[in-house]
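Shown next: model_36.cif, containing mmCIF, N, CA, C and O atoms.
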data_work
loop_
_atom_site.label_atom_id
_atom_site.label_comp_id
_atom_site.auth_asym_id
_atom_site.auth_seq_id
_atom_site.Cartn_x
_atom_site.Cartn_y
_atom_site.Cartn_z
N VAL R 14 -20.39 118.68 42.04
CA VAL R 14 -19.39 118.01 42.86
C VAL R 14 -19.92 116.69 43.41
O VAL R 14 -19.21 115.70 43.45
N ILE R 15 -21.19 116.66 43.85
CA ILE R 15 -21.72 115.45 44.49
C ILE R 15 -22.48 114.53 43.53
O ILE R 15 -22.95 113.47 43.94
N GLU R 16 -22.59 114.92 42.29
CA GLU R 16 -23.36 114.12 41.31
C GLU R 16 -22.92 112.65 41.25
O GLU R 16 -23.77 111.76 41.22
N PRO R 17 -21.62 112.35 41.23
CA PRO R 17 -21.23 110.93 41.20
C PRO R 17 -21.73 110.16 42.42
O PRO R 17 -22.12 108.99 42.32
N ALA R 18 -21.75 110.80 43.58
CA ALA R 18 -22.24 110.14 44.79
C ALA R 18 -23.75 109.91 44.70
O ALA R 18 -24.24 108.85 45.09
N LEU R 19 -24.48 110.88 44.19
CA LEU R 19 -25.94 110.71 44.04
C LEU R 19 -26.24 109.57 43.08
O LEU R 19 -27.16 108.77 43.34
N ARG R 20 -25.48 109.46 42.00
CA ARG R 20 -25.65 108.33 41.08
C ARG R 20 -25.30 107.02 41.77
O ARG R 20 -25.99 106.02 41.58
N GLY R 21 -24.25 107.03 42.56
CA GLY R 21 -23.85 105.84 43.30
C GLY R 21 -24.93 105.37 44.25
O GLY R 21 -25.21 104.18 44.35
N ILE R 22 -25.55 106.31 44.94
CA ILE R 22 -26.65 105.97 45.85
C ILE R 22 -27.82 105.40 45.07
O ILE R 22 -28.39 104.38 45.44
N LYS R 23 -28.17 106.05 43.97
CA LYS R 23 -29.30 105.60 43.16
C LYS R 23 -29.08 104.19 42.61
O LYS R 23 -29.99 103.37 42.56
N ASN R 24 -27.85 103.90 42.21
CA ASN R 24 -27.55 102.61 41.57
C ASN R 24 -27.26 101.48 42.55
O ASN R 24 -27.34 100.32 42.16
N ALA R 25 -26.89 101.81 43.78
CA ALA R 25 -26.46 100.75 44.70
C ALA R 25 -26.98 100.96 46.12
O ALA R 25 -26.33 100.59 47.08
N TYR R 26 -28.17 101.54 46.26
CA TYR R 26 -28.73 101.83 47.58
C TYR R 26 -28.93 100.59 48.44
O TYR R 26 -29.01 100.67 49.65
N GLY R 27 -29.01 99.43 47.83
CA GLY R 27 -29.29 98.20 48.57
C GLY R 27 -28.09 97.59 49.27
O GLY R 27 -28.23 96.67 50.05
N ARG R 28 -26.92 98.12 49.02
CA ARG R 28 -25.74 97.56 49.68
C ARG R 28 -25.16 98.57 50.66
O ARG R 28 -25.49 99.75 50.63
N THR R 29 -24.30 98.10 51.52
CA THR R 29 -23.66 98.96 52.51
C THR R 29 -22.76 99.97 51.81
O THR R 29 -22.00 99.61 50.93
N MET R 30 -22.91 101.22 52.20
CA MET R 30 -22.09 102.29 51.64
C MET R 30 -21.50 103.11 52.78
O MET R 30 -22.15 103.29 53.80
N THR R 31 -20.32 103.61 52.56
CA THR R 31 -19.70 104.48 53.55
C THR R 31 -19.55 105.88 52.97
O THR R 31 -19.53 106.07 51.75
N VAL R 32 -19.43 106.84 53.85
CA VAL R 32 -19.20 108.22 53.43
C VAL R 32 -17.88 108.30 52.66
O VAL R 32 -17.78 108.98 51.64
N GLU R 33 -16.88 107.56 53.15
CA GLU R 33 -15.58 107.56 52.49
C GLU R 33 -15.69 107.08 51.04
O GLU R 33 -15.10 107.65 50.13
N GLU R 34 -16.45 106.01 50.83
CA GLU R 34 -16.64 105.47 49.49
C GLU R 34 -17.31 106.48 48.56
O GLU R 34 -16.90 106.66 47.41
N LEU R 35 -18.33 107.15 49.08
CA LEU R 35 -19.05 108.14 48.27
C LEU R 35 -18.17 109.36 47.98
O LEU R 35 -18.19 109.89 46.86
N ALA R 36 -17.38 109.77 48.96
CA ALA R 36 -16.46 110.90 48.75
C ALA R 36 -15.42 110.53 47.69
O ALA R 36 -15.07 111.36 46.84
N LYS R 37 -14.97 109.29 47.72
CA LYS R 37 -13.97 108.84 46.75
C LYS R 37 -14.54 108.87 45.33
O LYS R 37 -13.83 109.21 44.38
N LEU R 38 -15.83 108.56 45.18
CA LEU R 38 -16.47 108.65 43.86
C LEU R 38 -16.38 110.07 43.30
O LEU R 38 -16.33 110.27 42.09
N CYS R 39 -16.38 111.04 44.20
CA CYS R 39 -16.36 112.45 43.80
C CYS R 39 -14.94 113.02 43.78
O CYS R 39 -14.76 114.21 43.48
N ASN R 40 -13.97 112.19 44.14
CA ASN R 40 -12.56 112.62 44.15
C ASN R 40 -12.30 113.81 45.07
O ASN R 40 -11.57 114.74 44.72
N VAL R 41 -12.95 113.80 46.24
CA VAL R 41 -12.73 114.84 47.24
C VAL R 41 -12.55 114.19 48.61
O VAL R 41 -12.85 113.01 48.79
N SER R 42 -12.09 114.97 49.57
CA SER R 42 -11.92 114.44 50.93
C SER R 42 -13.28 114.20 51.57
O SER R 42 -14.29 114.81 51.19
N LYS R 43 -13.29 113.33 52.56
CA LYS R 43 -14.52 113.00 53.28
C LYS R 43 -15.13 114.25 53.91
O LYS R 43 -16.34 114.48 53.80
N HIS R 44 -14.31 115.07 54.55
CA HIS R 44 -14.84 116.25 55.24
C HIS R 44 -15.40 117.28 54.26
O HIS R 44 -16.47 117.85 54.49
N TYR R 45 -14.70 117.52 53.18
CA TYR R 45 -15.20 118.45 52.17
C TYR R 45 -16.50 117.92 51.56
O TYR R 45 -17.47 118.66 51.40
N PHE R 46 -16.50 116.62 51.25
CA PHE R 46 -17.69 115.99 50.68
C PHE R 46 -18.90 116.17 51.59
O PHE R 46 -19.98 116.57 51.14
N CYS R 47 -18.72 115.88 52.88
CA CYS R 47 -19.84 115.99 53.83
C CYS R 47 -20.36 117.42 53.90
O CYS R 47 -21.57 117.64 53.93
N ARG R 48 -19.46 118.38 53.93
CA ARG R 48 -19.86 119.78 54.02
C ARG R 48 -20.63 120.21 52.77
O ARG R 48 -21.71 120.81 52.86
N VAL R 49 -20.11 119.87 51.60
CA VAL R 49 -20.77 120.25 50.35
C VAL R 49 -22.09 119.50 50.19
O VAL R 49 -23.10 120.09 49.79
N PHE R 50 -22.10 118.22 50.52
CA PHE R 50 -23.31 117.42 50.38
C PHE R 50 -24.44 118.03 51.21
O PHE R 50 -25.55 118.19 50.72
N LYS R 51 -24.14 118.36 52.47
CA LYS R 51 -25.17 118.93 53.33
C LYS R 51 -25.62 120.31 52.84
O LYS R 51 -26.81 120.63 52.89
N SER R 52 -24.70 121.10 52.33
CA SER R 52 -25.09 122.44 51.85
C SER R 52 -25.99 122.33 50.62
O SER R 52 -26.86 123.18 50.42
N ILE R 53 -25.80 121.31 49.81
CA ILE R 53 -26.62 121.15 48.60
C ILE R 53 -27.95 120.46 48.88
O ILE R 53 -28.99 120.90 48.41
N THR R 54 -27.93 119.39 49.69
CA THR R 54 -29.15 118.59 49.90
C THR R 54 -29.92 118.99 51.15
O THR R 54 -31.09 118.65 51.28
N GLY R 55 -29.24 119.65 52.09
CA GLY R 55 -29.88 119.98 53.36
C GLY R 55 -29.88 118.82 54.34
O GLY R 55 -30.45 118.91 55.42
N LYS R 56 -29.23 117.72 53.97
CA LYS R 56 -29.18 116.52 54.82
C LYS R 56 -27.75 116.00 54.87
O LYS R 56 -26.98 116.21 53.93
N SER R 57 -27.45 115.28 55.94
CA SER R 57 -26.16 114.59 55.98
C SER R 57 -26.21 113.46 54.95
O SER R 57 -27.28 113.06 54.48
N VAL R 58 -25.05 112.93 54.62
CA VAL R 58 -24.98 111.85 53.64
C VAL R 58 -25.81 110.65 54.10
O VAL R 58 -26.60 110.09 53.32
N MET R 59 -25.66 110.26 55.36
CA MET R 59 -26.38 109.09 55.86
C MET R 59 -27.89 109.34 55.96
O MET R 59 -28.69 108.45 55.71
N GLU R 60 -28.29 110.56 56.30
CA GLU R 60 -29.72 110.90 56.31
C GLU R 60 -30.29 110.78 54.90
O GLU R 60 -31.37 110.23 54.70
N TYR R 61 -29.56 111.31 53.94
CA TYR R 61 -30.01 111.27 52.54
C TYR R 61 -30.13 109.81 52.08
O TYR R 61 -31.13 109.44 51.45
N LEU R 62 -29.12 109.00 52.38
CA LEU R 62 -29.14 107.59 51.98
C LEU R 62 -30.32 106.87 52.63
O LEU R 62 -31.06 106.14 51.95
N ARG R 63 -30.54 107.08 53.92
CA ARG R 63 -31.66 106.45 54.61
C ARG R 63 -32.99 106.88 54.01
O ARG R 63 -33.86 106.05 53.72
N ASP R 64 -33.15 108.17 53.76
CA ASP R 64 -34.40 108.67 53.19
C ASP R 64 -34.62 108.13 51.77
O ASP R 64 -35.76 107.81 51.40
N PHE R 65 -33.56 108.03 51.00
CA PHE R 65 -33.67 107.46 49.65
C PHE R 65 -34.14 106.01 49.74
O PHE R 65 -35.05 105.59 49.02
N ARG R 66 -33.52 105.25 50.64
CA ARG R 66 -33.92 103.85 50.83
C ARG R 66 -35.37 103.73 51.26
O ARG R 66 -36.10 102.85 50.80
N LEU R 67 -35.80 104.63 52.14
CA LEU R 67 -37.19 104.59 52.60
C LEU R 67 -38.17 104.93 51.47
O LEU R 67 -39.25 104.33 51.39
N ARG R 68 -37.80 105.84 50.60
CA ARG R 68 -38.68 106.17 49.46
C ARG R 68 -38.83 104.96 48.53
O ARG R 68 -39.93 104.65 48.07
N VAL R 69 -37.71 104.28 48.27
CA VAL R 69 -37.76 103.07 47.43
C VAL R 69 -38.61 102.01 48.12
O VAL R 69 -39.46 101.37 47.49
N ALA R 70 -38.40 101.82 49.41
CA ALA R 70 -39.16 100.82 50.16
C ALA R 70 -40.66 101.14 50.13
O ALA R 70 -41.49 100.24 49.99
N ASN R 71 -41.00 102.41 50.24
CA ASN R 71 -42.40 102.80 50.20
C ASN R 71 -43.04 102.43 48.86
O ASN R 71 -44.17 101.92 48.83
N VAL R 72 -42.33 102.67 47.78
CA VAL R 72 -42.84 102.30 46.45
C VAL R 72 -43.04 100.78 46.38
O VAL R 72 -44.06 100.30 45.88
N LEU R 73 -42.07 100.03 46.88
CA LEU R 73 -42.19 98.56 46.85
C LEU R 73 -43.35 98.08 47.72
O LEU R 73 -44.05 97.14 47.35
N LEU R 74 -43.55 98.71 48.86
CA LEU R 74 -44.67 98.33 49.72
C LEU R 74 -46.01 98.56 49.02
O LEU R 74 -46.93 97.76 49.14
N GLN R 75 -46.10 99.65 48.29
CA GLN R 75 -47.35 100.00 47.63
C GLN R 75 -47.61 99.18 46.37
O GLN R 75 -48.76 98.97 46.00
N ASN R 76 -46.53 98.73 45.72
CA ASN R 76 -46.69 98.15 44.39
C ASN R 76 -46.29 96.69 44.23
O ASN R 76 -46.32 96.17 43.11
N THR R 77 -45.87 96.06 45.32
CA THR R 77 -45.50 94.64 45.24
C THR R 77 -46.10 93.87 46.40
O THR R 77 -46.61 94.47 47.35
N ASP R 78 -46.02 92.57 46.31
CA ASP R 78 -46.46 91.71 47.42
C ASP R 78 -45.28 91.15 48.20
O ASP R 78 -45.45 90.23 48.99
N ARG R 79 -44.10 91.69 47.97
CA ARG R 79 -42.91 91.20 48.68
C ARG R 79 -43.08 91.42 50.17
O ARG R 79 -43.73 92.38 50.61
N SER R 80 -42.48 90.55 50.96
CA SER R 80 -42.59 90.68 52.41
C SER R 80 -41.85 91.93 52.87
O SER R 80 -40.93 92.42 52.21
N ILE R 81 -42.27 92.43 54.02
CA ILE R 81 -41.64 93.62 54.58
C ILE R 81 -40.17 93.36 54.87
O ILE R 81 -39.31 94.20 54.58
N SER R 82 -39.85 92.18 55.38
CA SER R 82 -38.44 91.88 55.68
C SER R 82 -37.62 91.78 54.39
O SER R 82 -36.46 92.19 54.35
N ASP R 83 -38.21 91.28 53.31
CA ASP R 83 -37.51 91.21 52.03
C ASP R 83 -37.27 92.62 51.48
O ASP R 83 -36.18 92.93 50.99
N ILE R 84 -38.26 93.48 51.59
CA ILE R 84 -38.12 94.86 51.13
C ILE R 84 -37.05 95.57 51.96
O ILE R 84 -36.20 96.27 51.40
N ALA R 85 -37.07 95.36 53.26
CA ALA R 85 -36.05 95.98 54.12
C ALA R 85 -34.66 95.56 53.69
O ALA R 85 -33.76 96.39 53.53
N ALA R 86 -34.48 94.27 53.46
CA ALA R 86 -33.15 93.75 53.08
C ALA R 86 -32.71 94.28 51.72
O ALA R 86 -31.57 94.71 51.56
N CYS R 87 -33.60 94.28 50.74
CA CYS R 87 -33.20 94.72 49.40
C CYS R 87 -32.96 96.23 49.34
O CYS R 87 -32.28 96.71 48.44
N CYS R 88 -33.48 96.96 50.32
CA CYS R 88 -33.26 98.41 50.36
C CYS R 88 -32.08 98.80 51.25
O CYS R 88 -31.86 99.98 51.52
N GLY R 89 -31.33 97.80 51.72
CA GLY R 89 -30.11 98.09 52.45
C GLY R 89 -30.23 98.18 53.96
O GLY R 89 -29.29 98.61 54.62
N PHE R 90 -31.35 97.77 54.51
CA PHE R 90 -31.51 97.77 55.96
C PHE R 90 -31.10 96.41 56.50
O PHE R 90 -31.59 95.37 56.04
N ASP R 91 -30.20 96.40 57.48
CA ASP R 91 -29.69 95.14 58.04
C ASP R 91 -30.73 94.41 58.88
O ASP R 91 -30.65 93.21 59.05
N SER R 92 -31.70 95.14 59.39
CA SER R 92 -32.69 94.56 60.29
C SER R 92 -34.08 95.08 59.92
O SER R 92 -34.26 96.28 59.69
N SER R 93 -35.05 94.17 59.89
CA SER R 93 -36.41 94.62 59.58
C SER R 93 -36.98 95.45 60.73
O SER R 93 -37.82 96.32 60.50
N ASN R 94 -36.52 95.21 61.95
CA ASN R 94 -36.97 96.04 63.08
C ASN R 94 -36.46 97.47 62.93
O ASN R 94 -37.21 98.42 63.15
N TYR R 95 -35.19 97.62 62.56
CA TYR R 95 -34.63 98.95 62.34
C TYR R 95 -35.35 99.64 61.18
O TYR R 95 -35.70 100.82 61.25
N PHE R 96 -35.61 98.89 60.12
CA PHE R 96 -36.35 99.43 58.97
C PHE R 96 -37.71 99.93 59.42
O PHE R 96 -38.11 101.06 59.09
N SER R 97 -38.44 99.12 60.18
CA SER R 97 -39.79 99.51 60.62
C SER R 97 -39.74 100.77 61.48
O SER R 97 -40.59 101.66 61.35
N ARG R 98 -38.74 100.85 62.36
CA ARG R 98 -38.59 102.02 63.22
C ARG R 98 -38.31 103.27 62.38
O ARG R 98 -38.93 104.33 62.57
N CYS R 99 -37.39 103.17 61.43
CA CYS R 99 -37.07 104.31 60.54
C CYS R 99 -38.28 104.71 59.70
O CYS R 99 -38.57 105.89 59.53
N TYR R 100 -38.97 103.70 59.17
CA TYR R 100 -40.13 103.95 58.32
C TYR R 100 -41.21 104.71 59.11
O TYR R 100 -41.76 105.70 58.63
N LYS R 101 -41.48 104.23 60.32
CA LYS R 101 -42.51 104.87 61.14
C LYS R 101 -42.12 106.30 61.50
O LYS R 101 -42.95 107.20 61.47
N GLN R 102 -40.85 106.51 61.81
CA GLN R 102 -40.37 107.85 62.14
C GLN R 102 -40.51 108.78 60.93
O GLN R 102 -40.89 109.93 61.06
N HIS R 103 -40.23 108.26 59.74
CA HIS R 103 -40.25 109.07 58.52
C HIS R 103 -41.68 109.34 58.03
O HIS R 103 -42.01 110.47 57.65
N TYR R 104 -42.51 108.30 58.01
CA TYR R 104 -43.86 108.42 57.43
C TYR R 104 -44.99 108.58 58.46
O TYR R 104 -46.11 108.88 58.08
N GLY R 105 -44.70 108.31 59.74
CA GLY R 105 -45.73 108.48 60.77
C GLY R 105 -46.61 107.25 60.97
O GLY R 105 -47.56 107.30 61.75
N HIS R 106 -46.30 106.16 60.28
CA HIS R 106 -47.03 104.91 60.44
C HIS R 106 -46.10 103.76 60.04
O HIS R 106 -45.09 103.98 59.40
N SER R 107 -46.50 102.57 60.42
CA SER R 107 -45.63 101.42 60.16
C SER R 107 -45.71 100.97 58.70
O SER R 107 -46.67 101.29 58.00
N PRO R 108 -44.72 100.20 58.26
CA PRO R 108 -44.79 99.65 56.90
C PRO R 108 -46.05 98.80 56.69
O PRO R 108 -46.68 98.86 55.64
N ARG R 109 -46.41 98.04 57.70
CA ARG R 109 -47.61 97.19 57.59
C ARG R 109 -48.87 98.05 57.41
O ARG R 109 -49.72 97.75 56.59
N GLN R 110 -48.95 99.12 58.18
CA GLN R 110 -50.10 100.03 58.04
C GLN R 110 -50.11 100.66 56.66
O GLN R 110 -51.17 100.82 56.05
N SER R 111 -48.96 101.00 56.15
CA SER R 111 -48.86 101.59 54.83
C SER R 111 -49.35 100.61 53.76
O SER R 111 -50.11 100.97 52.87
N ARG R 112 -48.91 99.39 53.89
CA ARG R 112 -49.31 98.36 52.92
C ARG R 112 -50.82 98.12 52.97
O ARG R 112 -51.46 97.91 51.94
N ASN R 113 -51.39 98.15 54.17
CA ASN R 113 -52.82 97.88 54.33
C ASN R 113 -53.69 99.10 54.08
O ASN R 113 -54.91 99.02 54.20
N GLY R 114 -53.07 100.23 53.80
CA GLY R 114 -53.83 101.43 53.51
C GLY R 114 -54.35 102.17 54.73
O GLY R 114 -55.16 103.06 54.61
N HIS R 115 -53.85 101.80 55.91
CA HIS R 115 -54.27 102.46 57.14
C HIS R 115 -53.22 103.47 57.56
O HIS R 115 -52.46 103.27 58.48
N THR R 116 -53.20 104.58 56.88
CA THR R 116 -52.15 105.57 57.12
C THR R 116 -52.63 106.76 57.93
O THR R 116 -52.00 107.79 57.95
N GLU R 117 -53.74 106.64 58.59
CA GLU R 117 -54.25 107.78 59.39
C GLU R 117 -53.72 107.70 60.80
O GLU R 117 -53.45 106.70 61.34
#

Please render this file's structure as C-alpha cells.
Amino acid sequence: VIEPALRGIKNAYGRTMTVEELAKLCNVSKHYFCRVFKSITGKSVMEYLRDFRLRVANVLLQNTDRSISDIAACCGFDSSNYFSRCYKQHYGHSPRQSRNGHTE
C-alpha cells in the first residue's frame, strides 16, 4: 500500500513533501495512509522522511566536500540550523563533528 510513497520519498527527498501528496500517490486517504505507514515502518510519515533525509546527508558528509549548508538544502532542510539540530539529535554529534571524524 505504501510502496508508491516510499518510492516518492526516495526519488524526491530534496523537495518539500506533504502527507497529503504522499497519500495521493498511494490512492488512499491521508488518515488511512498515516495509520498504515506507521504500522509498517514504525514511524510517522514526517519522521520517516526526516530520517531518510538525514541518512542521505550523512552519506554526503562522509563522501563529499560539499558545504554543510549545501547538503542541508539539497536534502530538503529549509535551514542549516534546523538540519544541524536534527542531525545532532539523530546521530548524537554535529554534522561538523561527523565530517571531521570526531564522533565520540

Check your understanding: Restricting the calculation to only C-alpha atoms, which member of R:Val69, R:Glu16, R:Arg112, R:Ala85 is positioned closest to Leu38 in chain R?
Key ->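 For Leu38 in chain R, the nearest of the given residues is R:Glu16.
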
Study note, to complete from the structure: Between CA of Ser92 in chain R and atom N of Asn76 in chain R lies a distance of 20.5 Å

List the spatial neighbours of Ile84 in chain R as a compact mmCIF listing (two decimals) with N, CA, C and O atoms, keeping the file's coordinate frame - criterion: any atom at most 8 Å away, only C-alpha atoms, same-chain residues fewer than 6 positions off excluded.
# COMPACT_ATOMS: atom_id res chain seq x y z
N ALA R 70 -38.40 101.82 49.41
CA ALA R 70 -39.16 100.82 50.16
C ALA R 70 -40.66 101.14 50.13
O ALA R 70 -41.49 100.24 49.99
N LEU R 73 -42.07 100.03 46.88
CA LEU R 73 -42.19 98.56 46.85
C LEU R 73 -43.35 98.08 47.72
O LEU R 73 -44.05 97.14 47.35
N LEU R 74 -43.55 98.71 48.86
CA LEU R 74 -44.67 98.33 49.72
C LEU R 74 -46.01 98.56 49.02
O LEU R 74 -46.93 97.76 49.14

**Study point:** Point-to-point distance in Å for CA of Asn71 in chain R and CA of Ser93 in chain R
**Key:**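 Here the two named atoms are 13.8 Å from each other.
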
Put a box with edges along x, y and z around all the listed atoms of range 80-95 of chain R, pad it by 8 Å on each side, then give me its centre and sizes in Å, one decimal, as JSON.
{"center_x": -35.9, "center_y": 95.7, "center_z": 55.8, "size_x": 29.3, "size_y": 26.3, "size_z": 30.7}

Review point. Distance CA of Cys39 in chain R-CA of Ala18 in chain R, one decimal place?
Key: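 Going from CA of Cys39 in chain R over to CA of Ala18 in chain R covers 6.4 Å.
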
Point to revise | Long-range neighbours of range 34-36 of chain R as JSON, numbers by chain, 9 Å cut-off, only C-alpha atoms, 3 positions minimum in chain | key: {"R": [15, 17, 18, 19, 21, 22, 30, 31, 39, 40, 41, 42, 43, 44, 45, 46, 47, 58]}

Mind checking which residues fall within 8 Å of Arg98 in chain R, counting all atoms listed in the file, ignoring those fewer than 6 positions away in the same chain, and posting them as an mmCIF file with N, CA, C and O atoms, keeping the file's coordinate frame?
data_model
loop_
_atom_site.group_PDB
_atom_site.id
_atom_site.type_symbol
_atom_site.label_atom_id
_atom_site.label_comp_id
_atom_site.auth_asym_id
_atom_site.auth_seq_id
_atom_site.Cartn_x
_atom_site.Cartn_y
_atom_site.Cartn_z
ATOM 1 N N SER R 92 -31.700 95.140 59.390
ATOM 2 C CA SER R 92 -32.690 94.560 60.290
ATOM 3 C C SER R 92 -34.080 95.080 59.920
ATOM 4 O O SER R 92 -34.260 96.280 59.690
ATOM 5 N N TYR R 104 -42.510 108.300 58.010
ATOM 6 C CA TYR R 104 -43.860 108.420 57.430
ATOM 7 C C TYR R 104 -44.990 108.580 58.460
ATOM 8 O O TYR R 104 -46.110 108.880 58.080
ATOM 9 N N GLY R 105 -44.700 108.310 59.740
ATOM 10 C CA GLY R 105 -45.730 108.480 60.770
ATOM 11 C C GLY R 105 -46.610 107.250 60.970
ATOM 12 O O GLY R 105 -47.560 107.300 61.750
ATOM 13 N N HIS R 106 -46.300 106.160 60.280
ATOM 14 C CA HIS R 106 -47.030 104.910 60.440
ATOM 15 C C HIS R 106 -46.100 103.760 60.040
ATOM 16 O O HIS R 106 -45.090 103.980 59.400
ATOM 17 N N SER R 107 -46.500 102.570 60.420
ATOM 18 C CA SER R 107 -45.630 101.420 60.160
ATOM 19 C C SER R 107 -45.710 100.970 58.700
ATOM 20 O O SER R 107 -46.670 101.290 58.000
ATOM 21 N N PRO R 108 -44.720 100.200 58.260
ATOM 22 C CA PRO R 108 -44.790 99.650 56.900
ATOM 23 C C PRO R 108 -46.050 98.800 56.690
ATOM 24 O O PRO R 108 -46.680 98.860 55.640
#

Practice item. Run DSSP on the backbone and give me the residues of chain R it puts in alpha helix (DSSP H), as a ChimeraX atom specification. Key: /R:16-25,32-38,43-54,58-76,81-87,93-104,108-113

Practice item. Anything within 8 Å of (-32.5, 108.0, 45.6): list those residues as a list of chain:residue names, counting all atoms listed in the file and sticking to the file's coordinates. Key: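 Residues with an atom close enough to that point: R:Leu19, R:Arg20, R:Ile22, R:Lys23, R:Asn24, R:Tyr26, R:Tyr61, R:Leu62, R:Asp64, R:Phe65, R:Arg66, R:Arg68, R:Val69.
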
Preceding selection exported with N, CA, C and O atoms as an mmCIF file, keeping the file's coordinate frame:
data_model
loop_
_atom_site.group_PDB
_atom_site.id
_atom_site.type_symbol
_atom_site.label_atom_id
_atom_site.label_comp_id
_atom_site.auth_asym_id
_atom_site.auth_seq_id
_atom_site.Cartn_x
_atom_site.Cartn_y
_atom_site.Cartn_z
ATOM 1 N N LEU R 19 -24.480 110.880 44.190
ATOM 2 C CA LEU R 19 -25.940 110.710 44.040
ATOM 3 C C LEU R 19 -26.240 109.570 43.080
ATOM 4 O O LEU R 19 -27.160 108.770 43.340
ATOM 5 N N ARG R 20 -25.480 109.460 42.000
ATOM 6 C CA ARG R 20 -25.650 108.330 41.080
ATOM 7 C C ARG R 20 -25.300 107.020 41.770
ATOM 8 O O ARG R 20 -25.990 106.020 41.580
ATOM 9 N N ILE R 22 -25.550 106.310 44.940
ATOM 10 C CA ILE R 22 -26.650 105.970 45.850
ATOM 11 C C ILE R 22 -27.820 105.400 45.070
ATOM 12 O O ILE R 22 -28.390 104.380 45.440
ATOM 13 N N LYS R 23 -28.170 106.050 43.970
ATOM 14 C CA LYS R 23 -29.300 105.600 43.160
ATOM 15 C C LYS R 23 -29.080 104.190 42.610
ATOM 16 O O LYS R 23 -29.990 103.370 42.560
ATOM 17 N N ASN R 24 -27.850 103.900 42.210
ATOM 18 C CA ASN R 24 -27.550 102.610 41.570
ATOM 19 C C ASN R 24 -27.260 101.480 42.550
ATOM 20 O O ASN R 24 -27.340 100.320 42.160
ATOM 21 N N TYR R 26 -28.170 101.540 46.260
ATOM 22 C CA TYR R 26 -28.730 101.830 47.580
ATOM 23 C C TYR R 26 -28.930 100.590 48.440
ATOM 24 O O TYR R 26 -29.010 100.670 49.650
ATOM 25 N N TYR R 61 -29.560 111.310 53.940
ATOM 26 C CA TYR R 61 -30.010 111.270 52.540
ATOM 27 C C TYR R 61 -30.130 109.810 52.080
ATOM 28 O O TYR R 61 -31.130 109.440 51.450
ATOM 29 N N LEU R 62 -29.120 109.000 52.380
ATOM 30 C CA LEU R 62 -29.140 107.590 51.980
ATOM 31 C C LEU R 62 -30.320 106.870 52.630
ATOM 32 O O LEU R 62 -31.060 106.140 51.950
ATOM 33 N N ASP R 64 -33.150 108.170 53.760
ATOM 34 C CA ASP R 64 -34.400 108.670 53.190
ATOM 35 C C ASP R 64 -34.620 108.130 51.770
ATOM 36 O O ASP R 64 -35.760 107.810 51.400
ATOM 37 N N PHE R 65 -33.560 108.030 51.000
ATOM 38 C CA PHE R 65 -33.670 107.460 49.650
ATOM 39 C C PHE R 65 -34.140 106.010 49.740
ATOM 40 O O PHE R 65 -35.050 105.590 49.020
ATOM 41 N N ARG R 66 -33.520 105.250 50.640
ATOM 42 C CA ARG R 66 -33.920 103.850 50.830
ATOM 43 C C ARG R 66 -35.370 103.730 51.260
ATOM 44 O O ARG R 66 -36.100 102.850 50.800
ATOM 45 N N ARG R 68 -37.800 105.840 50.600
ATOM 46 C CA ARG R 68 -38.680 106.170 49.460
ATOM 47 C C ARG R 68 -38.830 104.960 48.530
ATOM 48 O O ARG R 68 -39.930 104.650 48.070
ATOM 49 N N VAL R 69 -37.710 104.280 48.270
ATOM 50 C CA VAL R 69 -37.760 103.070 47.430
ATOM 51 C C VAL R 69 -38.610 102.010 48.120
ATOM 52 O O VAL R 69 -39.460 101.370 47.490
#

Check your understanding: Which is closer to His103 in chain R than all the others in R:Glu60, R:Asp83, R:Phe90, R:Gln75, using only C-alpha atoms?
Key ->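 Of R:Glu60, R:Asp83, R:Phe90, R:Gln75, the one nearest His103 in chain R is R:Glu60, counting only C-alpha atoms.
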
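Proximity of R:Val14, R:Val32, R:Ala25, R:Val49 to Gly89 in chain R, computed with only C-alpha atoms, is greatest for R:Ala25.
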